[in-house]
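Chemist: One file is attached below, model.cif, containing mmCIF, C-alpha atoms and all ligand atoms.
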```cif
data_final
loop_
_atom_site.label_atom_id
_atom_site.label_comp_id
_atom_site.auth_asym_id
_atom_site.auth_seq_id
_atom_site.Cartn_x
_atom_site.Cartn_y
_atom_site.Cartn_z
CA MET T 215 -150.05 -72.19 -140.25
CA SER T 216 -146.45 -72.58 -139.12
CA LYS T 217 -145.43 -71.25 -135.75
CA ASN T 218 -143.11 -68.41 -134.87
CA ILE T 219 -140.85 -68.70 -131.86
CA LEU T 220 -139.01 -65.68 -130.50
CA VAL T 221 -135.79 -66.34 -128.62
CA PRO T 222 -134.23 -63.20 -127.14
CA ILE T 223 -130.53 -63.74 -126.51
CA ASP T 224 -128.33 -61.79 -124.10
CA ILE T 225 -125.06 -62.18 -126.01
CA SER T 226 -123.03 -61.33 -122.91
CA GLU T 227 -124.44 -64.34 -121.01
CA ILE T 228 -123.40 -67.62 -122.62
CA GLU T 229 -124.65 -69.72 -119.68
CA LEU T 230 -128.17 -68.40 -120.06
CA THR T 231 -128.26 -69.57 -123.65
CA GLN T 232 -127.18 -73.10 -122.71
CA GLN T 233 -130.31 -73.40 -120.58
CA VAL T 234 -132.74 -72.56 -123.36
CA ILE T 235 -131.20 -74.67 -126.16
CA PRO T 236 -133.04 -77.98 -125.50
CA HIS T 237 -136.36 -76.17 -125.03
CA VAL T 238 -136.01 -74.21 -128.25
CA GLU T 239 -135.07 -77.37 -130.15
CA THR T 240 -138.15 -79.20 -128.83
CA TYR T 241 -140.52 -76.35 -129.72
CA ALA T 242 -138.88 -75.91 -133.13
CA ARG T 243 -139.73 -79.48 -134.14
CA GLN T 244 -143.44 -78.66 -133.90
CA ASP T 245 -145.30 -77.32 -136.91
CA ASP T 246 -142.18 -76.43 -138.92
CA ALA T 247 -141.65 -73.46 -136.66
CA THR T 248 -139.50 -70.49 -137.62
CA ILE T 249 -137.12 -69.45 -134.86
CA HIS T 250 -136.41 -65.75 -134.55
CA PHE T 251 -133.31 -64.90 -132.54
CA LEU T 252 -133.01 -61.36 -131.21
CA ALA T 253 -130.00 -59.71 -129.59
CA VAL T 254 -130.53 -56.21 -128.27
CA ILE T 255 -127.60 -53.92 -127.66
CA PRO T 256 -128.53 -51.87 -124.60
CA ASP T 257 -128.21 -48.16 -125.24
CA TYR T 258 -125.55 -46.79 -122.94
CA THR T 259 -125.53 -43.41 -124.64
CA TYR T 260 -127.14 -41.71 -121.69
CA PHE T 261 -124.49 -42.91 -119.30
CA ALA T 262 -121.72 -42.11 -121.75
CA SER T 263 -123.00 -38.60 -122.29
CA TYR T 264 -123.55 -38.12 -118.58
CA ARG T 265 -119.91 -38.87 -117.87
CA LEU T 266 -118.18 -37.65 -120.98
CA GLY T 267 -120.60 -35.21 -122.56
CA TYR T 268 -120.30 -36.41 -126.13
CA ALA T 269 -122.78 -36.73 -128.99
CA SER T 270 -125.99 -38.70 -128.68
CA VAL T 271 -125.07 -41.30 -131.32
CA PRO T 272 -121.71 -42.92 -130.66
CA PRO T 273 -119.60 -43.17 -133.84
CA ASP T 274 -119.05 -46.89 -133.37
CA ALA T 275 -122.75 -47.82 -133.34
CA LYS T 276 -122.59 -49.63 -136.70
CA GLU T 277 -119.48 -51.56 -135.63
CA ARG T 278 -121.21 -52.62 -132.43
CA GLU T 279 -124.15 -53.91 -134.48
CA VAL T 280 -121.87 -55.92 -136.76
CA ALA T 281 -119.99 -57.37 -133.76
CA ALA T 282 -123.27 -58.22 -132.04
CA MET T 283 -124.55 -60.01 -135.16
CA GLU T 284 -121.32 -62.05 -135.25
CA ALA T 285 -121.68 -62.96 -131.58
CA LEU T 286 -125.35 -63.84 -132.09
CA SER T 287 -124.49 -66.05 -135.09
CA GLU T 288 -121.91 -67.94 -133.01
CA ILE T 289 -124.51 -68.55 -130.30
CA VAL T 290 -127.20 -69.58 -132.79
CA ALA T 291 -124.76 -72.12 -134.29
CA LYS T 292 -124.91 -74.01 -130.97
CA PHE T 293 -128.59 -74.83 -131.63
CA SER T 294 -129.46 -77.86 -133.77
CA LEU T 295 -131.96 -76.18 -136.04
CA PRO T 296 -132.59 -76.15 -139.79
CA GLU T 297 -130.74 -73.23 -141.35
CA ASP T 298 -133.72 -72.15 -143.47
CA ARG T 299 -135.98 -71.72 -140.46
CA ILE T 300 -133.74 -69.31 -138.57
CA GLU T 301 -134.03 -65.51 -138.57
CA LYS T 302 -131.61 -63.21 -136.73
CA TYR T 303 -132.05 -59.62 -135.60
CA VAL T 304 -129.82 -57.10 -133.84
CA LEU T 305 -131.49 -53.98 -132.47
CA CYS T 306 -130.27 -51.17 -130.26
CA GLY T 307 -132.19 -49.80 -127.26
CA PRO T 308 -134.11 -51.17 -124.27
CA PRO T 309 -134.17 -55.01 -124.54
CA LYS T 310 -137.66 -55.46 -123.07
CA ASP T 311 -139.30 -53.00 -125.48
CA HIS T 312 -137.66 -54.55 -128.53
CA ILE T 313 -138.53 -58.07 -127.40
CA LEU T 314 -142.23 -57.15 -127.02
CA GLN T 315 -142.34 -55.19 -130.28
CA LEU T 316 -140.67 -57.93 -132.32
CA ALA T 317 -143.02 -60.51 -130.79
CA ASP T 318 -145.92 -58.47 -132.19
CA ASP T 319 -144.26 -57.88 -135.56
CA ILE T 320 -143.57 -61.55 -136.23
CA HIS T 321 -146.85 -62.71 -134.65
CA ALA T 322 -144.90 -64.84 -132.19
CA ASP T 323 -146.71 -67.86 -130.78
CA VAL T 324 -144.27 -68.22 -127.94
CA ILE T 325 -141.29 -66.38 -126.48
CA ILE T 326 -138.64 -68.57 -124.87
CA LEU T 327 -136.17 -66.97 -122.46
CA ALA T 328 -134.02 -67.72 -119.44
CA SER T 329 -135.29 -66.30 -116.16
CA HIS T 330 -132.28 -64.24 -115.10
CA ARG T 331 -128.51 -64.11 -114.90
CA PRO T 332 -127.20 -66.86 -112.62
CA SER T 333 -124.89 -64.36 -110.93
CA ILE T 334 -127.86 -62.34 -109.67
CA SER T 335 -129.51 -65.08 -107.64
CA THR T 336 -131.63 -62.77 -105.48
CA TYR T 337 -134.20 -62.33 -108.22
CA LEU T 338 -136.37 -65.14 -109.51
CA LEU T 339 -137.11 -63.18 -112.63
CA GLY T 340 -134.73 -60.70 -114.26
CA SER T 341 -135.82 -57.19 -115.15
CA ASN T 342 -136.35 -57.90 -118.85
CA ALA T 343 -137.93 -61.31 -118.30
CA ALA T 344 -140.39 -59.85 -115.77
CA VAL T 345 -141.66 -57.18 -118.15
CA VAL T 346 -141.91 -59.65 -121.04
CA VAL T 347 -143.93 -62.11 -118.92
CA ARG T 348 -146.25 -59.33 -117.77
CA HIS T 349 -146.86 -57.61 -121.10
CA ALA T 350 -146.46 -60.18 -123.86
CA LYS T 351 -149.65 -61.00 -125.76
CA CYS T 352 -148.41 -64.53 -126.48
CA SER T 353 -147.25 -67.40 -124.28
CA VAL T 354 -143.89 -67.05 -122.59
CA LEU T 355 -141.72 -69.97 -121.54
CA VAL T 356 -139.39 -68.96 -118.72
CA VAL T 357 -136.55 -71.47 -118.45
CA ARG T 358 -135.05 -72.08 -115.02
P1 LIG K 401 -131.11 -60.12 -115.52
O1 LIG K 401 -131.83 -58.86 -115.06
O2 LIG K 401 -130.75 -61.09 -114.45
O3 LIG K 401 -129.99 -59.86 -116.50
P2 LIG K 401 -132.89 -60.38 -117.72
O4 LIG K 401 -134.35 -60.27 -117.47
O5 LIG K 401 -132.20 -59.19 -118.31
O6 LIG K 401 -132.20 -60.88 -116.39
O7 LIG K 401 -132.59 -61.60 -118.71
C1 LIG K 401 -133.47 -62.66 -118.85
C2 LIG K 401 -133.62 -62.96 -120.32
O8 LIG K 401 -134.01 -61.76 -121.00
C3 LIG K 401 -132.36 -63.42 -121.05
O9 LIG K 401 -132.16 -64.81 -120.93
C4 LIG K 401 -132.71 -63.06 -122.48
O10 LIG K 401 -133.58 -64.01 -123.04
C5 LIG K 401 -133.47 -61.76 -122.30
N1 LIG K 401 -132.55 -60.63 -122.46
C6 LIG K 401 -131.94 -59.91 -121.50
N2 LIG K 401 -131.14 -58.96 -122.03
C7 LIG K 401 -131.26 -59.09 -123.38
C8 LIG K 401 -130.69 -58.43 -124.51
N3 LIG K 401 -129.82 -57.42 -124.37
N4 LIG K 401 -131.04 -58.83 -125.76
C9 LIG K 401 -131.92 -59.85 -125.93
N5 LIG K 401 -132.48 -60.52 -124.91
C10 LIG K 401 -132.16 -60.15 -123.65
#
```
What's the structure tokens form of this structure?
Modeler:
Amino acid sequence: MSKNILVPIDISEIELTQQVIPHVETYARQDDATIHFLAVIPDYTYFASYRLGYASVPPDAKEREVAAMEALSEIVAKFSLPEDRIEKYVLCGPPKDHILQLADDIHADVIILASHRPSISTYLLGSNAAVVVRHAKCSVLVVR
């Protein structure tokens, strides 16, 4: 059976993506793997409503999804992968929860992610990466 690789992408961190590209390409060559790219738009609604007191669903949510899909597509284009083995997803909410849920849904064999933002060097493992490593039911490759 062909493999499923989940690659969560923080679209605001181009450098992080550069690190994972060679690893994803190597894994993708095995077993005709399908590569599932996921970008999660963090939900800032709480903070927005806290400060400004407006409705729970911001009116530009759809636009943000479209923009995020465009940004994700640009990033995915940097990977040398066969077009027909790529899937892309944009979801809105807590990144770690969506990463774990999608891993289950697609029966991921491995999740490949970068450890943390280079700018926050104090932590060896970022907040999303840490939860994914701890709770994922499949293997997780943390790229450093
Ligand atoms: P930090 O806390 O330093 O930002 P994270 O744990 O958030 O570190 O990021 C590590 C990895 O988690 C990223 O390389 C990416 O794979 C994944 N990730 C983080 N945020 C998102 C997001 N919004 N959407 C998809 N994946 C994400």
Chemist: As a list of chain:residue names, please: the residues near T:Ala285 (cut-off 10 Å, all atoms listed in the file, same-chain neighbours under 5 positions excluded).
Modeler: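 Contacts, in chain order: T:Ile225, T:Ser226, T:Ala253, T:Glu279, T:Val280, T:Val290.
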Chemist: Using all atoms listed in the file, can you tell me which of T:Ala291, T:Ala247, T:Ile219, T:Ala282 comes closest to T:Ser353?
Modeler: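 Nearest to T:Ser353: T:Ile219.
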Chemist: Could you state the separation of atom CA of T:Thr240 and atom O1 of ligand LIG 401 (chain K) in Å, given to one decimal place?
Modeler: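 Separation of atom CA of T:Thr240 and atom O1 of ligand LIG 401 (chain K): 25.4 Å.
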Chemist: Using all atoms listed in the file, I'd like a table of the residues in chain T that come within 9 Å of ligand LIG 401 (chain K); for each, show the closest atom pair and its distance in Å rounded to one decimal, ordered by chain and ascending number, as a Markdown table.
Modeler:
```
| residue | atom | partner | partner_atom | distance |
| --- | --- | --- | --- | --- |
| T:Val221 | CA | K:LIG401 | O10 | 6.4 |
| T:Pro222 | CA | K:LIG401 | N5 | 3.9 |
| T:Ile223 | CA | K:LIG401 | N5 | 4.1 |
| T:Asp224 | CA | K:LIG401 | C7 | 4.0 |
| T:Ile225 | CA | K:LIG401 | N4 | 6.9 |
| T:Ser226 | CA | K:LIG401 | N3 | 8.0 |
| T:Glu227 | CA | K:LIG401 | O9 | 7.7 |
| T:Leu230 | CA | K:LIG401 | O9 | 5.4 |
| T:Thr231 | CA | K:LIG401 | O9 | 6.7 |
| T:Gln233 | CA | K:LIG401 | O9 | 8.8 |
| T:Val234 | CA | K:LIG401 | O9 | 8.1 |
| T:Phe251 | CA | K:LIG401 | C9 | 8.4 |
| T:Leu252 | CA | K:LIG401 | C9 | 5.6 |
| T:Ala253 | CA | K:LIG401 | N4 | 4.1 |
| T:Val254 | CA | K:LIG401 | N4 | 3.7 |
| T:Ile255 | CA | K:LIG401 | N3 | 5.3 |
| T:Pro256 | CA | K:LIG401 | N3 | 5.7 |
| T:Val304 | CA | K:LIG401 | N4 | 8.4 |
| T:Leu305 | CA | K:LIG401 | N4 | 8.3 |
| T:Cys306 | CA | K:LIG401 | N3 | 8.6 |
| T:Gly307 | CA | K:LIG401 | N3 | 8.5 |
| T:Pro308 | CA | K:LIG401 | N3 | 7.6 |
| T:Pro309 | CA | K:LIG401 | C8 | 4.9 |
| T:Lys310 | CA | K:LIG401 | C10 | 7.3 |
| T:His312 | CA | K:LIG401 | C9 | 8.2 |
| T:Ile313 | CA | K:LIG401 | N5 | 7.0 |
| T:Ile325 | CA | K:LIG401 | O10 | 8.8 |
| T:Ile326 | CA | K:LIG401 | O10 | 7.1 |
| T:Leu327 | CA | K:LIG401 | O10 | 4.0 |
| T:Ala328 | CA | K:LIG401 | O9 | 3.8 |
| T:Ser329 | CA | K:LIG401 | C1 | 4.9 |
| T:His330 | CA | K:LIG401 | O2 | 3.6 |
| T:Arg331 | CA | K:LIG401 | O2 | 3.8 |
| T:Pro332 | CA | K:LIG401 | O2 | 7.0 |
| T:Ser333 | CA | K:LIG401 | O2 | 7.6 |
| T:Ile334 | CA | K:LIG401 | O2 | 5.7 |
| T:Ser335 | CA | K:LIG401 | O2 | 8.0 |
| T:Tyr337 | CA | K:LIG401 | O2 | 7.2 |
| T:Leu338 | CA | K:LIG401 | O2 | 8.5 |
| T:Leu339 | CA | K:LIG401 | O4 | 6.3 |
| T:Gly340 | CA | K:LIG401 | O4 | 3.3 |
| T:Ser341 | CA | K:LIG401 | O4 | 4.1 |
| T:Asn342 | CA | K:LIG401 | O4 | 3.4 |
| T:Ala343 | CA | K:LIG401 | O4 | 3.8 |
| T:Ala344 | CA | K:LIG401 | O4 | 6.3 |
| T:Val345 | CA | K:LIG401 | O4 | 8.0 |
| T:Val346 | CA | K:LIG401 | O8 | 8.2 |
| T:Val356 | CA | K:LIG401 | C2 | 8.5 |
| T:Val357 | CA | K:LIG401 | O9 | 8.4 |
```
Chemist: Suppose you want the space between atom CA of T:Ile228 and atom CA of T:Glu284; what is it in Å?
Modeler: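 These atoms are spaced 14.0 Å apart.
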Chemist: To one decimal place, how far is atom CA of T:Asp298 from atom CA of T:Leu286 in Å?
Modeler: 16.4 Å
Chemist: Leaving out T:Pro296 and any residue of its chain fewer than 3 positions from it, which residues lie within 12 Å of it when counting all atoms listed in the file, given as a list in words?
Modeler: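 So, after excluding close chain neighbours, the residues are Glu239, Ala242, Arg243, Asp246, Ala247, Thr248, Ile249, Val290, Ala291, Lys292, Phe293, Arg299, Ile300 and Glu301 of chain T.
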Chemist: Return the single residue from T:Ala350, T:Ala281, T:Val238, T:Leu220 that is closest to T:Leu314, with distances computed using all atoms listed in the file.
Modeler: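 Of T:Ala350, T:Ala281, T:Val238, T:Leu220, the one nearest T:Leu314 is T:Ala350, counting all atoms listed in the file.
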Chemist: May I ask which of the residues T:Ser216, T:Ile235, T:His349, T:Ile289 is the closest one to T:Gln315, counting only C-alpha atoms?
Modeler: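 Of T:Ser216, T:Ile235, T:His349, T:Ile289, the one nearest T:Gln315, counting only C-alpha atoms, is T:His349.
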